[in-house]
Structure formats: C-alpha cells, structure tokens
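K.L.:
Handing over structure.cif, mmCIF, C-alpha atoms.
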```
data_target
#
loop_
_atom_site.label_atom_id
_atom_site.label_comp_id
_atom_site.auth_asym_id
_atom_site.auth_seq_id
_atom_site.Cartn_x
_atom_site.Cartn_y
_atom_site.Cartn_z
CA ASP A 10 15.11 -24.86 -18.50
CA ARG A 11 16.77 -25.05 -15.11
CA ASP A 12 15.16 -28.43 -14.44
CA ARG A 13 16.59 -30.18 -17.48
CA CYS A 14 17.72 -33.77 -16.98
CA ASP A 15 21.34 -33.46 -15.91
CA LEU A 16 23.66 -36.40 -15.32
CA GLY A 17 23.70 -36.03 -11.53
CA GLY A 18 19.93 -36.09 -11.01
CA CYS A 19 19.24 -38.78 -13.59
CA GLY A 20 22.13 -40.86 -12.36
CA ARG A 21 20.69 -41.00 -8.88
CA LEU A 22 17.22 -41.74 -10.24
CA LEU A 23 18.62 -44.75 -12.10
CA VAL A 24 20.57 -46.25 -9.19
CA GLY A 25 19.25 -49.63 -8.04
CA THR A 26 16.14 -50.99 -9.68
CA LEU A 27 14.39 -48.38 -11.83
CA ALA A 28 10.78 -48.98 -12.76
CA ALA A 29 8.70 -46.48 -14.68
CA ALA A 30 5.08 -46.75 -15.75
CA TRP A 31 2.98 -44.27 -17.66
CA ARG A 32 -0.41 -43.46 -16.20
CA GLY A 33 -2.47 -40.58 -17.48
CA GLY A 34 0.53 -39.09 -19.28
CA VAL A 35 2.61 -38.81 -16.08
CA VAL A 36 5.62 -40.98 -15.39
CA TYR A 37 5.90 -42.48 -11.91
CA VAL A 38 9.41 -43.59 -10.94
CA ALA A 39 10.23 -46.10 -8.22
CA LEU A 40 13.70 -46.65 -6.81
CA GLY A 41 14.79 -50.08 -5.63
CA GLY A 42 17.93 -51.24 -3.90
CA ASP A 43 16.96 -50.99 -0.24
CA GLU A 44 14.10 -51.84 2.07
CA HIS A 45 13.00 -48.22 2.51
CA ALA A 46 12.66 -47.61 -1.23
CA ALA A 47 10.90 -50.95 -1.70
CA ARG A 48 8.38 -50.02 0.97
CA ARG A 49 7.73 -46.69 -0.73
CA ALA A 50 7.24 -48.46 -4.05
CA GLY A 51 4.70 -50.71 -2.39
CA TYR A 52 2.78 -47.71 -1.06
CA ARG A 53 2.69 -46.22 -4.55
CA ALA A 54 1.37 -49.47 -5.98
CA GLN A 55 -1.41 -49.43 -3.39
CA ARG A 56 -2.31 -45.86 -4.32
CA ALA A 57 -2.43 -46.81 -8.00
CA ARG A 58 -5.03 -49.47 -7.25
CA ARG A 59 -7.30 -47.05 -5.44
CA SER A 60 -10.12 -45.34 -7.25
CA ASP A 61 -9.39 -41.77 -8.30
CA ARG A 62 -10.26 -39.26 -5.63
CA GLY A 63 -9.72 -35.58 -5.00
CA MET A 64 -6.77 -34.34 -3.01
CA SER A 65 -7.31 -32.23 0.09
CA ILE A 66 -4.59 -30.15 1.72
CA HIS A 67 -5.47 -29.35 5.32
CA ARG A 68 -2.16 -29.52 7.21
CA ILE A 69 0.95 -27.80 5.91
CA ALA A 70 4.50 -27.72 7.24
CA VAL A 71 6.73 -24.83 6.17
CA VAL A 72 10.44 -25.39 6.72
CA GLY A 73 12.40 -22.18 7.16
CA GLY A 74 11.32 -19.17 9.18
CA GLY A 75 12.89 -16.47 7.05
CA THR A 76 11.18 -13.90 4.85
CA MET A 77 9.69 -16.42 2.41
CA GLY A 78 8.89 -19.08 4.99
CA ASN A 79 7.01 -16.82 7.38
CA GLY A 80 5.13 -15.28 4.44
CA ILE A 81 4.05 -18.72 3.19
CA ALA A 82 2.97 -19.74 6.69
CA HIS A 83 1.02 -16.49 7.06
CA VAL A 84 -0.93 -16.94 3.82
CA ALA A 85 -1.62 -20.65 4.37
CA ALA A 86 -2.97 -20.02 7.88
CA GLN A 87 -4.98 -17.00 6.74
CA HIS A 88 -6.75 -19.26 4.27
CA GLY A 89 -7.74 -21.84 6.84
CA ARG A 90 -4.88 -24.35 6.81
CA GLU A 91 -3.27 -25.71 9.95
CA VAL A 92 0.39 -24.70 9.71
CA ARG A 93 3.56 -25.91 11.39
CA LEU A 94 6.39 -23.43 10.90
CA LEU A 95 9.67 -25.28 11.36
CA ASP A 96 13.22 -24.00 11.78
CA VAL A 97 16.26 -25.28 13.66
CA SER A 98 16.60 -21.84 15.30
CA ALA A 99 14.16 -20.86 18.03
CA GLU A 100 15.28 -17.26 17.59
CA VAL A 101 14.35 -17.34 13.90
CA LEU A 102 10.92 -18.77 14.75
CA GLU A 103 10.33 -16.07 17.35
CA GLY A 104 11.18 -13.41 14.79
CA ALA A 105 8.99 -15.10 12.17
CA MET A 106 5.94 -15.06 14.44
CA ALA A 107 6.58 -11.41 15.28
CA THR A 108 6.73 -10.59 11.57
CA ILE A 109 3.50 -12.49 10.88
CA ALA A 110 1.75 -10.68 13.74
CA LYS A 111 2.97 -7.32 12.43
CA ASN A 112 1.81 -8.06 8.89
CA LEU A 113 -1.57 -9.25 10.12
CA ALA A 114 -1.94 -6.06 12.15
CA ARG A 115 -1.27 -4.08 8.98
CA GLN A 116 -4.01 -6.05 7.22
CA VAL A 117 -6.43 -5.18 10.01
CA GLU A 118 -5.50 -1.49 9.75
CA ARG A 119 -6.19 -1.60 6.01
CA GLU A 120 -9.47 -3.44 6.65
CA ILE A 121 -8.34 -6.47 4.66
CA LEU A 122 -8.99 -8.62 7.74
CA ASP A 123 -10.94 -8.08 10.93
CA GLU A 124 -9.51 -8.79 14.36
CA SER A 125 -11.19 -12.18 14.70
CA ALA A 126 -9.64 -13.34 11.39
CA ARG A 127 -6.26 -12.08 12.57
CA ASP A 128 -6.54 -14.02 15.82
CA ALA A 129 -7.75 -17.16 14.03
CA THR A 130 -4.81 -16.96 11.62
CA LEU A 131 -2.29 -16.75 14.44
CA GLY A 132 -4.06 -19.59 16.24
CA ARG A 133 -3.57 -21.89 13.26
CA ILE A 134 0.24 -21.55 13.32
CA GLU A 135 2.42 -23.62 15.61
CA THR A 136 6.21 -23.64 15.63
CA SER A 137 8.88 -26.24 16.29
CA THR A 138 12.65 -26.61 16.04
CA ASP A 139 12.29 -30.37 15.42
CA VAL A 140 11.93 -30.48 11.63
CA ALA A 141 11.47 -34.24 11.29
CA ALA A 142 8.81 -34.49 14.00
CA GLY A 143 7.08 -31.35 12.76
CA ALA A 144 6.73 -32.79 9.26
CA GLU A 145 4.94 -35.91 10.45
CA GLY A 146 1.26 -36.21 9.58
CA VAL A 147 1.01 -33.23 7.23
CA ASP A 148 -0.39 -33.23 3.70
CA LEU A 149 2.15 -30.83 2.20
CA VAL A 150 5.65 -29.70 3.14
CA ILE A 151 6.98 -26.48 1.62
CA GLU A 152 10.74 -26.03 1.93
CA ALA A 153 11.90 -22.41 2.17
CA VAL A 154 15.43 -22.68 3.53
CA PRO A 155 18.43 -20.70 2.16
CA GLU A 156 19.31 -21.34 -1.49
CA LYS A 157 22.16 -23.78 -0.80
CA ALA A 158 21.96 -27.02 -2.75
CA GLN A 159 23.47 -29.37 -0.17
CA LEU A 160 21.32 -27.92 2.60
CA LYS A 161 18.21 -28.64 0.53
CA TYR A 162 19.40 -32.13 -0.46
CA ASP A 163 19.99 -33.05 3.19
CA LEU A 164 16.61 -31.60 4.18
CA PHE A 165 14.73 -33.56 1.51
CA GLU A 166 16.38 -36.77 2.70
CA THR A 167 15.23 -35.99 6.25
CA LEU A 168 11.71 -35.13 5.12
CA ASP A 169 11.49 -38.28 2.99
CA ARG A 170 12.08 -40.40 6.09
CA ALA A 171 9.63 -38.44 8.22
CA VAL A 172 6.50 -37.90 6.12
CA SER A 173 3.76 -40.28 5.05
CA PRO A 174 3.77 -41.80 1.54
CA ASP A 175 1.01 -39.43 0.37
CA THR A 176 2.69 -36.21 1.51
CA ILE A 177 3.72 -33.78 -1.21
CA LEU A 178 7.23 -32.33 -0.86
CA ALA A 179 7.55 -28.86 -2.39
CA SER A 180 10.52 -26.53 -2.71
CA ASN A 181 10.46 -22.75 -2.95
CA THR A 182 13.79 -22.84 -4.83
CA SER A 183 14.32 -20.39 -7.66
CA SER A 184 17.44 -21.99 -9.13
CA ILE A 185 17.97 -25.62 -8.03
CA SER A 186 16.72 -28.50 -10.18
CA ILE A 187 13.53 -30.12 -8.90
CA THR A 188 14.66 -33.37 -10.53
CA GLU A 189 17.89 -33.18 -8.53
CA LEU A 190 15.99 -32.53 -5.29
CA ALA A 191 13.62 -35.40 -6.03
CA ALA A 192 16.57 -37.72 -6.58
CA HIS A 193 17.33 -37.34 -2.86
CA THR A 194 14.00 -38.97 -1.96
CA SER A 195 12.55 -42.43 -2.46
CA CYS A 196 9.39 -41.06 -4.08
CA PRO A 197 10.37 -38.48 -6.73
CA ASP A 198 6.84 -38.55 -8.13
CA ARG A 199 5.59 -36.48 -5.18
CA VAL A 200 8.26 -33.74 -5.35
CA ILE A 201 7.38 -30.39 -6.95
CA GLY A 202 8.56 -26.79 -7.09
CA MET A 203 6.37 -24.04 -5.62
CA HIS A 204 8.20 -20.77 -6.15
CA PHE A 205 6.42 -18.01 -4.23
CA MET A 206 7.00 -14.33 -4.93
CA ASN A 207 8.05 -11.77 -2.34
CA PRO A 208 6.24 -10.44 -0.36
CA VAL A 209 4.10 -13.57 -0.17
CA PRO A 210 1.06 -11.98 1.58
CA VAL A 211 0.82 -9.45 -1.29
CA MET A 212 1.96 -11.36 -4.39
CA LYS A 213 -0.57 -13.98 -5.51
CA LEU A 214 1.61 -15.52 -8.22
CA ILE A 215 3.19 -18.95 -7.59
CA GLU A 216 5.46 -20.61 -10.14
CA ILE A 217 4.81 -24.38 -10.26
CA ILE A 218 7.70 -26.54 -11.48
CA ARG A 219 7.59 -30.26 -12.16
CA GLY A 220 10.60 -32.52 -12.09
CA LEU A 221 11.34 -35.40 -14.42
CA ALA A 222 9.25 -37.80 -12.34
CA THR A 223 6.61 -35.48 -10.86
#
```
Let me see whether you can do it: turn the structure in this file into structure tokens.
P.N.:
Amino acid sequence: DRDRCDLGGCGRLLVGTLAAAWRGGVVYVALGGDEHAARRAGYRAQRARRSDRGMSIHRIAVVGGGTMGNGIAHVAAQHGREVRLLDVSAEVLEGAMATIAKNLARQVEREILDESARDATLGRIETSTDVAAGAEGVDLVIEAVPEKAQLKYDLFETLDRAVSPDTILASNTSSISITELAAHTSCPDRVIGMHFMNPVPVMKLIEIIRGLAT
C-alpha cells in the first residue's frame, strides 16, 4: 500500500494540536499551532453542524497542462463542468488547448460529438498561468503536475492557502503518498487521490485513493 502511514506524513499530521473525531466511520483531523490552521478547524466545525447535504461539483481547476492535465480538462468540460486549466507556462497552456481542440475534432469525425458539443466544450475551458488565483472559487482542484514529490508538496501548500474550506484537493499521482500530500495542508480531510488513466478521453477508469485523514 503506497499510502501507508509513514513517519514523515504522520509526523507532520501530529505537529501542533492534533484533534481527531470519528463521524460516520471517517476520521477528520485538525491541525493546530497557528492562526491559519485554527481558522480551518473552525470552518470544519461549522460544516459538521450543518445538516447533511449532497455535494455538487460545478467548477474544476486542473493544475498542469501536460498530457494528463489537458485530458482531464477535456473530459470535465465535455461533461458540462466549468474548467480552469492552470500552468505556470503559457506555452504549455497553448499546446494543451491545441491538443484538446485536436482530440475534440477527432471525436466529431468519429461522430462521438457533434460540432455544437465540441464548441461548447472548448467554451467551458479557460486558462491561466496564475495557479493561486485560478484555484479560487472552485469546487475541486485536480493536480496533474510532474511526478516530483517536492513540486507537489509546494503546490498543495499554495492551493491550501488559495481555495475555500469546502474545496476538494485531488492529486493524479501514481506513486506519492496521499497522506504525505495531505500533511502539507491544513485540512487533510479534504485531500484525495484521483489517478486517471492515459489517454483520459478514452479510458473511463479512475483510481480513487484515500489518505489517512480523508
């Protein structure tokens, strides 16, 4: 199990004031020790007092414009979600949109989509090189950057500061511990793995991975 509880991830989870409460068989972990974490813990307490309600995902940010990232953005937009495709490189984003347009054109040729659906899909995707600003106000962030641990840790810290308390943070990682990624946020309960298969527009399978606190 690649997401077993290793010393590094658990050590970070236990820094400061660690509070855990079981609710519905899921453990929710709150980190104390600074104002930011305390504020997040307060948000979680407010959510716990709310009546149960369904979750709706309407706005998605995809971080990383490479093969996996542009494929995830393509599929999400094709299925009616508003998508922000984010990458620090404008050149990568330009190439990603060209790839999405090419793949959509192939779907039209094969009569999987009609031209109006193709145009609507492209219209639901916007791009930005400002990752923090682009992640604001979305319901779900899917990270699809290169498989480098420190890069992902730094990104999750940035996303944690930028998104709302209800936003789900997902990683497309195939090898890095979700518990370890979650330890770099103040709300590890909302971090999850979503491992898409390549090519994303063709492969329907998604591997869902929970961390220790998910």
K.L.:
What does the distance between atom CA of Glu135 of chain A and atom CA of Arg93 of chain A come to in Å, to one decimal place?
P.N.:
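Result for atom CA of Glu135 of chain A versus atom CA of Arg93 of chain A: 4.9 Å, one decimal.
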K.L.:
I need the output of the PyMOL selection byres ((chain A and resi 154-169) around 7) for this file as a PyMOL selection string; which residues are they?
P.N.:
chain A and resi 72-73+141+144+152-153+170-172+182+185+190+193-195
K.L.:
Go ahead and compute the interatomic distance for atom CA of Asp148 of chain A and atom CA of Ala222 of chain A, in Å to one decimal.
P.N.:
19.3 Å
K.L.:
Between A:Gly104, A:Gly78, A:Gly146, A:Gly132, which has the minimum distance to Ser173 of chain A (counting only C-alpha atoms)?
P.N.:
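Of the candidates, the smallest distance to Ser173 of chain A is held by A:Gly146.
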K.L.:
Do you know which residues the PyMOL selection byres ((chain A and resi 92) around 9) returns on this file, as a list of chain:residue names?
P.N.:
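Listing what the PyMOL selection byres ((chain A and resi 92) around 9) selects in the shown file: A:His67, A:Arg68, A:Ile69, A:Ala70, A:Val71, A:Ala82, A:His83, A:Ala85, A:Ala86, A:Arg90, A:Glu91, A:Arg93, A:Leu94, A:Arg133, A:Ile134, A:Glu135, A:Thr136, A:Val147.
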K.L.:
The PyMOL selection byres ((chain A and resi 215) around 10) on the file shown: which residues, as a PyMOL selection string?
P.N.:
chain A and resi 181+202-206+209+212-214+216-218
K.L.:
The selected residues should be written to file as a PDB file, in the frame of the given file (atoms: C-alpha atoms).
P.N.:
```pdb
ATOM      1  CA  ASN A 181      10.460 -22.750  -2.950  1.00  0.00           C
ATOM      2  CA  GLY A 202       8.560 -26.790  -7.090  1.00  0.00           C
ATOM      3  CA  MET A 203       6.370 -24.040  -5.620  1.00  0.00           C
ATOM      4  CA  HIS A 204       8.200 -20.770  -6.150  1.00  0.00           C
ATOM      5  CA  PHE A 205       6.420 -18.010  -4.230  1.00  0.00           C
ATOM      6  CA  MET A 206       7.000 -14.330  -4.930  1.00  0.00           C
ATOM      7  CA  VAL A 209       4.100 -13.570  -0.170  1.00  0.00           C
ATOM      8  CA  MET A 212       1.960 -11.360  -4.390  1.00  0.00           C
ATOM      9  CA  LYS A 213      -0.570 -13.980  -5.510  1.00  0.00           C
ATOM     10  CA  LEU A 214       1.610 -15.520  -8.220  1.00  0.00           C
ATOM     11  CA  GLU A 216       5.460 -20.610 -10.140  1.00  0.00           C
ATOM     12  CA  ILE A 217       4.810 -24.380 -10.260  1.00  0.00           C
ATOM     13  CA  ILE A 218       7.700 -26.540 -11.480  1.00  0.00           C
TER      14      ILE A 218
END
```
K.L.:
Give me the residues within 10 Å of Ile109 of chain A as a list in words, counting all atoms listed in the file and dropping any in the same chain fewer than 5 places off.
P.N.:
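Near Ile109 of chain A, the qualifying residues are Thr76, Asn79, Gly80, Ile81, Ala82, His83, Val84, Gly104, Ala114, Arg115, Arg127, Thr130, Leu131, Ile134 and Pro210 of chain A.
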K.L.:
How would segment 160-181 of chain A look with N, CA, C and O atoms restored, written as an mmCIF file, in the frame of the given file?
P.N.:
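As written to disk, result_13.cif reads:
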```cif
data_model
loop_
_atom_site.group_PDB
_atom_site.id
_atom_site.type_symbol
_atom_site.label_atom_id
_atom_site.label_comp_id
_atom_site.auth_asym_id
_atom_site.auth_seq_id
_atom_site.Cartn_x
_atom_site.Cartn_y
_atom_site.Cartn_z
ATOM 1 N N LEU A 160 22.265 -28.098 1.500
ATOM 2 C CA LEU A 160 21.320 -27.920 2.600
ATOM 3 C C LEU A 160 19.944 -28.476 2.205
ATOM 4 O O LEU A 160 19.295 -29.184 2.979
ATOM 5 N N LYS A 161 19.510 -28.167 0.999
ATOM 6 C CA LYS A 161 18.210 -28.640 0.530
ATOM 7 C C LYS A 161 18.231 -30.160 0.310
ATOM 8 O O LYS A 161 17.261 -30.852 0.637
ATOM 9 N N TYR A 162 19.318 -30.687 -0.253
ATOM 10 C CA TYR A 162 19.400 -32.130 -0.460
ATOM 11 C C TYR A 162 19.277 -32.875 0.880
ATOM 12 O O TYR A 162 18.533 -33.847 0.999
ATOM 13 N N ASP A 163 20.027 -32.415 1.875
ATOM 14 C CA ASP A 163 19.990 -33.050 3.190
ATOM 15 C C ASP A 163 18.585 -32.953 3.801
ATOM 16 O O ASP A 163 18.093 -33.915 4.411
ATOM 17 N N LEU A 164 17.947 -31.799 3.629
ATOM 18 C CA LEU A 164 16.610 -31.600 4.180
ATOM 19 C C LEU A 164 15.606 -32.540 3.523
ATOM 20 O O LEU A 164 14.769 -33.156 4.205
ATOM 21 N N PHE A 165 15.677 -32.674 2.202
ATOM 22 C CA PHE A 165 14.730 -33.560 1.510
ATOM 23 C C PHE A 165 14.925 -35.013 1.913
ATOM 24 O O PHE A 165 13.958 -35.778 1.987
ATOM 25 N N GLU A 166 16.150 -35.417 2.200
ATOM 26 C CA GLU A 166 16.380 -36.770 2.700
ATOM 27 C C GLU A 166 15.743 -36.951 4.067
ATOM 28 O O GLU A 166 15.130 -37.987 4.355
ATOM 29 N N THR A 167 15.860 -35.943 4.924
ATOM 30 C CA THR A 167 15.230 -35.990 6.250
ATOM 31 C C THR A 167 13.715 -36.032 6.132
ATOM 32 O O THR A 167 13.040 -36.842 6.792
ATOM 33 N N LEU A 168 13.157 -35.174 5.291
ATOM 34 C CA LEU A 168 11.710 -35.130 5.120
ATOM 35 C C LEU A 168 11.178 -36.440 4.554
ATOM 36 O O LEU A 168 10.119 -36.932 4.961
ATOM 37 N N ASP A 169 11.909 -37.023 3.623
ATOM 38 C CA ASP A 169 11.490 -38.280 2.990
ATOM 39 C C ASP A 169 11.319 -39.378 4.022
ATOM 40 O O ASP A 169 10.413 -40.212 3.918
ATOM 41 N N ARG A 170 12.174 -39.382 5.041
ATOM 42 C CA ARG A 170 12.080 -40.400 6.090
ATOM 43 C C ARG A 170 10.958 -40.102 7.074
ATOM 44 O O ARG A 170 10.451 -41.012 7.737
ATOM 45 N N ALA A 171 10.563 -38.839 7.172
ATOM 46 C CA ALA A 171 9.630 -38.440 8.220
ATOM 47 C C ALA A 171 8.165 -38.430 7.800
ATOM 48 O O ALA A 171 7.280 -38.690 8.616
ATOM 49 N N VAL A 172 7.894 -38.118 6.537
ATOM 50 C CA VAL A 172 6.500 -37.900 6.120
ATOM 51 C C VAL A 172 5.836 -39.186 5.674
ATOM 52 O O VAL A 172 6.492 -40.205 5.444
ATOM 53 N N SER A 173 4.516 -39.123 5.522
ATOM 54 C CA SER A 173 3.760 -40.280 5.050
ATOM 55 C C SER A 173 3.911 -40.411 3.533
ATOM 56 O O SER A 173 4.316 -39.461 2.849
ATOM 57 N N PRO A 174 3.585 -41.572 2.977
ATOM 58 C CA PRO A 174 3.770 -41.800 1.540
ATOM 59 C C PRO A 174 2.931 -40.884 0.650
ATOM 60 O O PRO A 174 3.248 -40.715 -0.529
ATOM 61 N N ASP A 175 1.871 -40.301 1.177
ATOM 62 C CA ASP A 175 1.010 -39.430 0.370
ATOM 63 C C ASP A 175 1.386 -37.950 0.465
ATOM 64 O O ASP A 175 0.789 -37.123 -0.225
ATOM 65 N N THR A 176 2.327 -37.609 1.310
ATOM 66 C CA THR A 176 2.690 -36.210 1.510
ATOM 67 C C THR A 176 3.430 -35.648 0.304
ATOM 68 O O THR A 176 4.348 -36.272 -0.218
ATOM 69 N N ILE A 177 3.037 -34.460 -0.125
ATOM 70 C CA ILE A 177 3.720 -33.780 -1.210
ATOM 71 C C ILE A 177 4.895 -32.986 -0.633
ATOM 72 O O ILE A 177 4.747 -32.287 0.375
ATOM 73 N N LEU A 178 6.050 -33.089 -1.264
ATOM 74 C CA LEU A 178 7.230 -32.330 -0.860
ATOM 75 C C LEU A 178 7.475 -31.237 -1.898
ATOM 76 O O LEU A 178 7.714 -31.535 -3.072
ATOM 77 N N ALA A 179 7.393 -29.994 -1.479
ATOM 78 C CA ALA A 179 7.550 -28.860 -2.390
ATOM 79 C C ALA A 179 8.750 -28.024 -1.977
ATOM 80 O O ALA A 179 9.073 -27.916 -0.797
ATOM 81 N N SER A 180 9.386 -27.421 -2.967
ATOM 82 C CA SER A 180 10.520 -26.530 -2.710
ATOM 83 C C SER A 180 10.219 -25.142 -3.262
ATOM 84 O O SER A 180 9.679 -25.010 -4.362
ATOM 85 N N ASN A 181 10.607 -24.137 -2.507
ATOM 86 C CA ASN A 181 10.460 -22.750 -2.950
ATOM 87 C C ASN A 181 11.689 -22.284 -3.746
ATOM 88 O O ASN A 181 11.825 -21.107 -4.040
#
```
